[in-house]
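Trainee: Dropping in target_1.pdb, with PDB, C-alpha atoms.
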```
ATOM      1  CA  MET A 131     -19.013   8.452-104.622
ATOM      2  CA  ALA A 132     -22.599   8.311-103.364
ATOM      3  CA  ARG A 133     -21.837   5.085-101.478
ATOM      4  CA  TRP A 134     -18.939   6.729 -99.662
ATOM      5  CA  ILE A 135     -21.152   9.609 -98.577
ATOM      6  CA  VAL A 136     -23.839   7.224 -97.229
ATOM      7  CA  ALA A 137     -21.247   5.143 -95.316
ATOM      8  CA  LEU A 138     -19.708   8.260 -93.812
ATOM      9  CA  LEU A 139     -23.117   9.531 -92.643
ATOM     10  CA  THR A 140     -23.881   6.117 -91.064
ATOM     11  CA  LEU A 141     -20.631   6.112 -89.038
ATOM     12  CA  THR A 142     -21.292   9.659 -87.840
ATOM     13  CA  VAL A 143     -24.761   8.743 -86.551
ATOM     14  CA  VAL A 144     -23.466   5.672 -84.638
ATOM     15  CA  ALA A 145     -20.513   7.495 -83.028
ATOM     16  CA  ALA A 146     -22.422  10.639 -81.999
ATOM     17  CA  PRO A 147     -24.017  10.587 -78.499
ATOM     18  CA  ALA A 148     -27.762  10.686 -78.287
ATOM     19  CA  GLU A 149     -29.212  14.183 -78.073
ATOM     20  CA  GLY A 150     -29.876  15.363 -74.517
ATOM     21  CA  LYS A 151     -27.692  12.662 -72.885
ATOM     22  CA  ARG A 152     -24.255  13.247 -71.503
ATOM     23  CA  PRO A 153     -21.690  10.544 -70.853
ATOM     24  CA  LYS A 154     -21.597   9.416 -67.230
ATOM     25  CA  LYS A 155     -18.615  10.483 -65.198
ATOM     26  CA  GLN A 156     -16.750   7.824 -63.289
ATOM     27  CA  ARG A 157     -17.367   8.045 -59.504
ATOM     28  CA  GLU A 158     -14.266   9.100 -57.668
ATOM     29  CA  ALA A 159     -13.054   6.769 -54.914
ATOM     30  CA  PRO A 160     -13.506   8.206 -51.390
ATOM     31  CA  PRO A 161     -10.339   9.284 -49.622
ATOM     32  CA  PRO A 162      -8.888   6.601 -47.313
ATOM     33  CA  VAL A 163      -9.972   6.812 -43.684
ATOM     34  CA  GLU A 164      -7.074   7.001 -41.302
ATOM     35  CA  ALA A 165      -7.192   4.704 -38.286
ATOM     36  CA  PRO A 166      -7.201   6.532 -34.940
ATOM     37  CA  ALA A 167      -3.800   6.776 -33.377
ATOM     38  CA  GLU A 168      -3.066   4.453 -30.487
ATOM     39  CA  PRO A 169      -3.029   6.365 -27.176
ATOM     40  CA  SER A 170       0.399   6.891 -25.783
ATOM     41  CA  PRO A 171       1.113   5.531 -22.279
ATOM     42  CA  ASP A 172       2.081   9.059 -21.362
ATOM     43  CA  ASP A 173      -1.418  10.259 -22.281
ATOM     44  CA  ALA A 174      -3.219   7.729 -20.077
ATOM     45  CA  VAL A 175      -5.069   9.156 -17.113
ATOM     46  CA  PRO A 176      -3.746   7.509 -13.945
ATOM     47  CA  ASP A 177      -6.228   5.710 -11.708
ATOM     48  CA  ALA A 178      -6.264   7.822  -8.558
ATOM     49  CA  THR A 179      -7.503   4.934  -6.433
ATOM     50  CA  ALA A 180      -4.889   2.451  -7.646
ATOM     51  CA  THR A 181      -2.195   3.866  -5.382
ATOM     52  CA  GLU A 182      -4.605   4.011  -2.443
ATOM     53  CA  ARG A 183      -5.699   0.382  -2.495
ATOM     54  CA  MET A 184      -4.482  -1.836   0.313
ATOM     55  CA  ASN A 185      -1.852  -4.402  -0.600
ATOM     56  CA  ASN A 186       0.859  -6.347   1.205
ATOM     57  CA  GLU A 187       3.337  -3.474   1.238
ATOM     58  CA  ARG A 188       0.839  -0.937   2.588
ATOM     59  CA  LEU A 189      -0.316  -3.444   5.183
ATOM     60  CA  ASN A 190       3.260  -4.073   6.267
ATOM     61  CA  ALA A 191       3.847  -0.329   6.640
ATOM     62  CA  PHE A 192       0.699  -0.089   8.767
ATOM     63  CA  ILE A 193       1.849  -2.904  11.100
ATOM     64  CA  VAL A 194       5.361  -1.447  11.436
ATOM     65  CA  ASN A 195       3.849   1.935  12.278
ATOM     66  CA  LEU A 196       1.489   0.385  14.814
ATOM     67  CA  LEU A 197       4.144  -1.686  16.590
ATOM     68  CA  GLY A 198       7.047   0.740  16.280
ATOM     69  CA  GLU A 199      10.413   0.434  14.575
ATOM     70  CA  GLU A 200      11.731  -2.078  17.128
ATOM     71  CA  ALA A 201       9.012  -4.721  16.934
ATOM     72  CA  GLY A 202       7.405  -3.878  13.618
ATOM     73  CA  PRO A 203       9.961  -5.156  11.071
ATOM     74  CA  GLY A 204      10.200  -8.559  12.778
ATOM     75  CA  ALA A 205       6.455  -9.148  12.532
ATOM     76  CA  ARG A 206       6.607 -10.077   8.859
ATOM     77  CA  LYS A 207       7.143 -13.831   8.570
ATOM     78  CA  ALA A 208       6.466 -14.092   4.812
ATOM     79  CA  PRO A 209       5.461 -11.661   2.044
ATOM     80  CA  ASN A 210       1.800 -12.223   2.947
ATOM     81  CA  GLN A 211       2.015 -13.267   6.632
ATOM     82  CA  TRP A 212       2.532 -11.361   9.866
ATOM     83  CA  GLU A 213       2.608 -12.490  13.494
ATOM     84  CA  PHE A 214       2.965 -10.219  16.507
ATOM     85  CA  ASP A 215       1.831  -9.585  20.078
ATOM     86  CA  LEU A 216      -0.718  -6.874  20.805
ATOM     87  CA  GLU A 217      -2.051  -6.191  24.297
ATOM     88  CA  GLY A 218      -0.831  -9.603  25.405
ATOM     89  CA  TYR A 219      -2.495 -11.524  22.561
ATOM     90  CA  ARG A 220      -0.878 -13.267  19.598
ATOM     91  CA  VAL A 221      -2.186 -11.781  16.356
ATOM     92  CA  MET A 222      -1.784 -13.474  12.979
ATOM     93  CA  VAL A 223      -2.487 -11.688   9.692
ATOM     94  CA  ILE A 224      -2.651 -13.534   6.372
ATOM     95  CA  THR A 225      -3.425 -12.077   2.938
ATOM     96  CA  ASP A 226      -3.975 -13.317  -0.582
ATOM     97  CA  GLU A 227      -3.574 -10.521  -3.123
ATOM     98  CA  ASN A 228      -4.770 -12.719  -6.012
ATOM     99  CA  ALA A 229      -8.009 -13.527  -4.197
ATOM    100  CA  ASP A 230      -8.123 -10.007  -2.674
ATOM    101  CA  ARG A 231      -8.671 -11.331   0.857
ATOM    102  CA  MET A 232      -7.261 -10.521   4.294
ATOM    103  CA  ARG A 233      -7.695 -12.422   7.557
ATOM    104  CA  MET A 234      -6.721 -11.381  11.108
ATOM    105  CA  MET A 235      -6.839 -14.105  13.747
ATOM    106  CA  VAL A 236      -6.163 -14.518  17.458
ATOM    107  CA  PRO A 237      -5.984 -18.048  18.945
ATOM    108  CA  ILE A 238      -8.062 -18.314  22.130
ATOM    109  CA  THR A 239      -8.221 -21.855  23.503
ATOM    110  CA  PRO A 240      -8.234 -25.507  22.385
ATOM    111  CA  ALA A 241     -11.686 -26.405  21.125
ATOM    112  CA  ALA A 242     -11.602 -29.678  23.068
ATOM    113  CA  GLU A 243     -11.543 -27.714  26.332
ATOM    114  CA  LEU A 244     -14.790 -25.814  25.695
ATOM    115  CA  PRO A 245     -17.360 -26.473  28.428
ATOM    116  CA  PRO A 246     -20.860 -27.566  27.378
ATOM    117  CA  GLY A 247     -22.990 -24.751  25.998
ATOM    118  CA  LEU A 248     -20.115 -22.441  25.105
ATOM    119  CA  GLU A 249     -20.308 -23.138  21.376
ATOM    120  CA  ARG A 250     -23.930 -21.976  21.462
ATOM    121  CA  ARG A 251     -22.839 -18.847  23.314
ATOM    122  CA  MET A 252     -20.256 -18.170  20.600
ATOM    123  CA  LEU A 253     -22.949 -18.282  17.918
ATOM    124  CA  GLN A 254     -25.140 -15.909  19.918
ATOM    125  CA  ALA A 255     -22.252 -13.463  20.218
ATOM    126  CA  ASN A 256     -21.572 -13.707  16.475
ATOM    127  CA  PHE A 257     -25.104 -12.447  15.924
ATOM    128  CA  ASP A 258     -25.210  -9.457  18.247
ATOM    129  CA  ALA A 259     -21.922  -8.631  19.928
ATOM    130  CA  VAL A 260     -18.679  -9.255  18.058
ATOM    131  CA  LEU A 261     -19.903  -7.367  14.965
ATOM    132  CA  ASP A 262     -17.150  -7.365  12.294
ATOM    133  CA  ALA A 263     -15.090  -9.972  14.142
ATOM    134  CA  ARG A 264     -16.212 -13.593  14.501
ATOM    135  CA  TYR A 265     -15.649 -16.570  16.762
ATOM    136  CA  ALA A 266     -14.693 -19.703  14.864
ATOM    137  CA  ILE A 267     -13.214 -23.175  15.324
ATOM    138  CA  ALA A 268     -10.480 -24.424  12.976
ATOM    139  CA  GLN A 269      -7.673 -26.961  13.360
ATOM    140  CA  GLY A 270      -8.834 -27.801  16.875
ATOM    141  CA  VAL A 271      -8.533 -24.186  18.085
ATOM    142  CA  VAL A 272     -11.096 -21.512  18.969
ATOM    143  CA  TRP A 273     -10.253 -18.237  17.200
ATOM    144  CA  SER A 274     -11.458 -14.701  17.006
ATOM    145  CA  ALA A 275     -11.154 -13.538  13.411
ATOM    146  CA  PHE A 276     -11.715 -10.514  11.195
ATOM    147  CA  ILE A 277     -12.079 -11.350   7.493
ATOM    148  CA  HIS A 278     -12.345  -8.696   4.802
ATOM    149  CA  PRO A 279     -11.512  -7.992   1.126
ATOM    150  CA  LEU A 280      -7.947  -6.679   1.069
ATOM    151  CA  SER A 281      -7.882  -3.840  -1.469
ATOM    152  CA  PRO A 282     -10.794  -1.719  -0.106
ATOM    153  CA  LEU A 283      -9.333  -1.621   3.427
ATOM    154  CA  ASP A 284      -8.083   1.682   4.820
ATOM    155  CA  ASP A 285      -6.061   2.304   7.968
ATOM    156  CA  ASP A 286      -9.120   3.081  10.090
ATOM    157  CA  GLN A 287     -10.726  -0.223   9.139
ATOM    158  CA  LEU A 288      -7.501  -2.072   9.933
ATOM    159  CA  VAL A 289      -7.346  -0.489  13.384
ATOM    160  CA  SER A 290     -10.996  -1.300  14.004
ATOM    161  CA  GLY A 291     -10.527  -4.882  12.799
ATOM    162  CA  LEU A 292      -7.501  -5.392  15.036
ATOM    163  CA  ALA A 293      -9.236  -3.868  18.029
ATOM    164  CA  GLN A 294     -12.367  -5.958  17.560
ATOM    165  CA  THR A 295     -10.425  -9.199  17.035
ATOM    166  CA  VAL A 296      -8.239  -8.750  20.120
ATOM    167  CA  THR A 297     -11.161  -7.570  22.248
ATOM    168  CA  ALA A 298     -13.268 -10.554  21.156
ATOM    169  CA  ALA A 299     -10.448 -12.852  22.291
ATOM    170  CA  ALA A 300     -10.085 -10.992  25.596
ATOM    171  CA  THR A 301     -13.801 -11.193  26.396
ATOM    172  CA  PHE A 302     -14.286 -14.816  25.341
ATOM    173  CA  GLY A 303     -16.103 -16.646  28.127
ATOM    174  CA  THR A 304     -17.337 -13.416  29.740
ATOM    175  CA  ALA A 305     -18.803 -10.564  27.701
ATOM    176  CA  PHE A 306     -18.234 -12.149  24.271
ATOM    177  CA  THR A 307     -17.932  -8.755  22.583
ATOM    178  CA  SER A 308     -15.704  -6.982  20.101
ATOM    179  CA  GLY A 309     -15.919  -3.819  22.190
ATOM    180  CA  ALA A 310     -17.565  -1.469  19.701
ATOM    181  CA  PHE A 311     -21.248  -1.764  20.579
ATOM    182  CA  VAL A 312     -23.956  -4.374  20.934
ATOM    183  CA  PHE A 313     -26.524  -4.908  18.221
ATOM    184  CA  GLY A 314     -29.972  -4.653  19.766
ATOM    185  CA  GLY A 315     -32.336  -7.567  19.889
ATOM    186  CA  GLY A 316     -29.748 -10.190  20.794
ATOM    187  CA  ASP A 317     -28.692 -11.971  23.956
ATOM    188  CA  THR A 318     -25.610  -9.963  24.907
ATOM    189  CA  GLN A 319     -25.991  -6.838  27.029
ATOM    190  CA  GLN A 320     -22.621  -6.295  28.669
ATOM    191  CA  ILE A 321     -20.041  -4.275  26.743
ATOM    192  CA  HIS A 322     -16.283  -4.491  27.310
ATOM    193  CA  GLU A 323     -14.714  -1.309  25.852
ATOM    194  CA  ASP A 324     -11.415  -0.664  27.641
ATOM    195  CA  LEU A 325      -9.180  -2.883  25.486
ATOM    196  CA  TYR A 326     -10.845  -1.737  22.298
ATOM    197  CA  ARG A 327     -10.243   1.926  23.164
ATOM    198  CA  ARG A 328      -6.599   1.319  24.149
ATOM    199  CA  ILE A 329      -5.830  -0.147  20.735
ATOM    200  CA  LEU A 330      -7.552   2.739  18.976
ATOM    201  CA  GLU A 331      -5.629   5.233  21.098
ATOM    202  CA  ARG A 332      -2.352   3.444  20.414
ATOM    203  CA  SER A 333      -2.911   3.849  16.674
ATOM    204  CA  ARG A 334      -3.708   7.561  17.044
ATOM    205  CA  VAL A 335      -0.515   8.135  19.036
ATOM    206  CA  ARG A 336       1.563   6.417  16.355
ATOM    207  CA  ASP A 337      -0.044   8.452  13.571
ATOM    208  CA  GLN A 338       0.683  11.700  15.423
ATOM    209  CA  GLY A 339       4.295  10.688  16.031
ATOM    210  CA  ILE A 340       3.947  10.989  19.798
TER     211      ILE A 340
END
```
Mind turning this structure into structure tokens?
Mentor:
Amino acid sequence: MARWIVALLTLTVVAAPAEGKRPKKQREAPPPVEAPAEPSPDDAVPDATATERMNNERLNAFIVNLLGEEAGPGARKAPNQWEFDLEGYRVMVITDENADRMRMMVPITPAAELPPGLERRMLQANFDAVLDARYAIAQGVVWSAFIHPLSPLDDDQLVSGLAQTVTAAATFGTAFTSGAFVFGGGDTQQIHEDLYRRILERSRVRDQGI
């Protein structure tokens, strides 16, 4: 009987928790974090400038408006190429939307027919007189050209580029100017403005629907 009592007391001591200590509670798992919802296309904020950037379709609309409904639609020779007459000069426009480039060109004369010293005069004019336009030689032809990134162009810059390119062709061999103004410090003093202003005025008349 005494042995049973001793054994029972021994089991009770082993099973009982130590005085002053409580059993540790298991840490609860944190609630799952929900992934943020994907934004709906309807919730996206539209890029206000995306619809205003110049591209082939906007450029075509500009040329049609400039030339009028009779001549304008026929100017487009390919999705990215236009060719038309303006103030008696043949204008070619070529774009590359992937490269974001636009080039306006007017052929002037065969390069082989340039008299001595005229190439030097072209370079002088490129410095101080033709401004945004340029004289260049390519494929055996002397050109006036206006080259610019396509997407940032607006209608005013297109008009200015056209006017400068045509005026540079018209004044080749004489004033060598794009018609806007002459940059000081160069060799060119004479300014030829009449053709430049006519093209600007023509664009204003079209825009006003006159």
Trainee: Would you give me, as a Markdown table, each residue of segment 209-234 of chain A having an atom within 12 Å of an atom of segment 274-287 of chain A, along with its shortest atom pair and that distance in Å to one decimal, using only C-alpha atoms and sorting by chain and residue number?
Mentor:
```
| residue | atom | partner | partner_atom | distance |
| --- | --- | --- | --- | --- |
| A:Asn210 | CA | A:Leu280 | CA | 11.4 |
| A:Tyr219 | CA | A:Ser274 | CA | 11.0 |
| A:Arg220 | CA | A:Ser274 | CA | 11.0 |
| A:Val221 | CA | A:Ala275 | CA | 9.6 |
| A:Met222 | CA | A:Ala275 | CA | 9.4 |
| A:Val223 | CA | A:Phe276 | CA | 9.4 |
| A:Ile224 | CA | A:Ile277 | CA | 9.7 |
| A:Thr225 | CA | A:Leu280 | CA | 7.3 |
| A:Asp226 | CA | A:Leu280 | CA | 7.9 |
| A:Glu227 | CA | A:Leu280 | CA | 7.2 |
| A:Asn228 | CA | A:Leu280 | CA | 9.8 |
| A:Ala229 | CA | A:Pro279 | CA | 8.4 |
| A:Asp230 | CA | A:Leu280 | CA | 5.0 |
| A:Arg231 | CA | A:Pro279 | CA | 4.4 |
| A:Met232 | CA | A:Leu280 | CA | 5.1 |
| A:Arg233 | CA | A:Ile277 | CA | 4.5 |
| A:Met234 | CA | A:Phe276 | CA | 5.1 |
```
Trainee: Apply the PyMOL selection byres ((chain A and resi 250-254) around 9) to the displayed file and report the matching residues as an MDAnalysis selection string.
Mentor: chainID A and resid 246:249 255:259 264:266 302:303 306 316:318
Trainee: Excluding Ile238 of chain A and residues on its chain fewer than 4 positions from it, collect all residues at most 6 Å away from it, counting only C-alpha atoms, and give them as a list in words.
Mentor: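 That gives Val272, Trp273 and Ala299 of chain A.
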Trainee: So how many Å separate atom CA of Thr239 of chain A and atom CA of Leu288 of chain A, to one decimal?
Mentor: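 The value is 24.0 Å.
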Trainee: Using all atoms listed in the file, which of the listed residues (A:Ala298, A:Ile267, A:Glu243, A:Val289) sits closest to Phe192 of chain A?
Mentor: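 Among the listed residues, A:Val289 lies closest to Phe192 of chain A.
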Trainee: Report the distance between atom CA of Leu216 of chain A and atom CA of Gln269 of chain A in Å, rounded to one decimal place.
Mentor: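 Going from atom CA of Leu216 of chain A over to atom CA of Gln269 of chain A covers 22.5 Å.
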Trainee: Where atoms are missing, can you supply N, CA and C atoms for segment 287-304 of chain A and output the lot as a compact mmCIF listing (two decimals), in the coordinates of the input?
Mentor:
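Saved file result06.txt follows:
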```
# COMPACT_ATOMS: atom_id res chain seq x y z
N GLN A 287 -10.10 1.09 9.09
CA GLN A 287 -10.73 -0.22 9.14
C GLN A 287 -9.78 -1.28 9.69
N LEU A 288 -8.48 -1.14 9.38
CA LEU A 288 -7.50 -2.07 9.93
C LEU A 288 -7.42 -1.94 11.45
N VAL A 289 -7.38 -0.71 11.94
CA VAL A 289 -7.35 -0.49 13.38
C VAL A 289 -8.59 -1.07 14.04
N SER A 290 -9.75 -0.79 13.45
CA SER A 290 -11.00 -1.30 14.00
C SER A 290 -11.02 -2.82 13.99
N GLY A 291 -10.56 -3.43 12.88
CA GLY A 291 -10.53 -4.88 12.80
C GLY A 291 -9.61 -5.49 13.83
N LEU A 292 -8.42 -4.91 14.02
CA LEU A 292 -7.50 -5.39 15.04
C LEU A 292 -8.10 -5.27 16.43
N ALA A 293 -8.66 -4.10 16.71
CA ALA A 293 -9.24 -3.87 18.03
C ALA A 293 -10.38 -4.84 18.32
N GLN A 294 -11.24 -5.05 17.35
CA GLN A 294 -12.37 -5.96 17.56
C GLN A 294 -11.91 -7.40 17.74
N THR A 295 -10.90 -7.81 16.96
CA THR A 295 -10.42 -9.20 17.04
C THR A 295 -9.76 -9.48 18.38
N VAL A 296 -8.91 -8.56 18.83
CA VAL A 296 -8.24 -8.75 20.12
C VAL A 296 -9.24 -8.66 21.27
N THR A 297 -10.17 -7.72 21.19
CA THR A 297 -11.16 -7.57 22.25
C THR A 297 -12.08 -8.79 22.32
N ALA A 298 -12.45 -9.34 21.17
CA ALA A 298 -13.27 -10.55 21.16
C ALA A 298 -12.54 -11.70 21.84
N ALA A 299 -11.22 -11.80 21.62
CA ALA A 299 -10.45 -12.85 22.29
C ALA A 299 -10.39 -12.60 23.79
N ALA A 300 -10.21 -11.34 24.18
CA ALA A 300 -10.09 -10.99 25.60
C ALA A 300 -11.38 -11.22 26.36
N THR A 301 -12.51 -11.07 25.71
CA THR A 301 -13.80 -11.19 26.40
C THR A 301 -14.45 -12.55 26.18
N PHE A 302 -13.73 -13.49 25.56
CA PHE A 302 -14.29 -14.82 25.34
C PHE A 302 -14.54 -15.48 26.70
N GLY A 303 -15.72 -16.00 26.88
CA GLY A 303 -16.10 -16.65 28.13
C GLY A 303 -16.73 -15.71 29.13
N THR A 304 -16.71 -14.39 28.83
CA THR A 304 -17.34 -13.42 29.74
C THR A 304 -18.34 -12.58 28.97
```
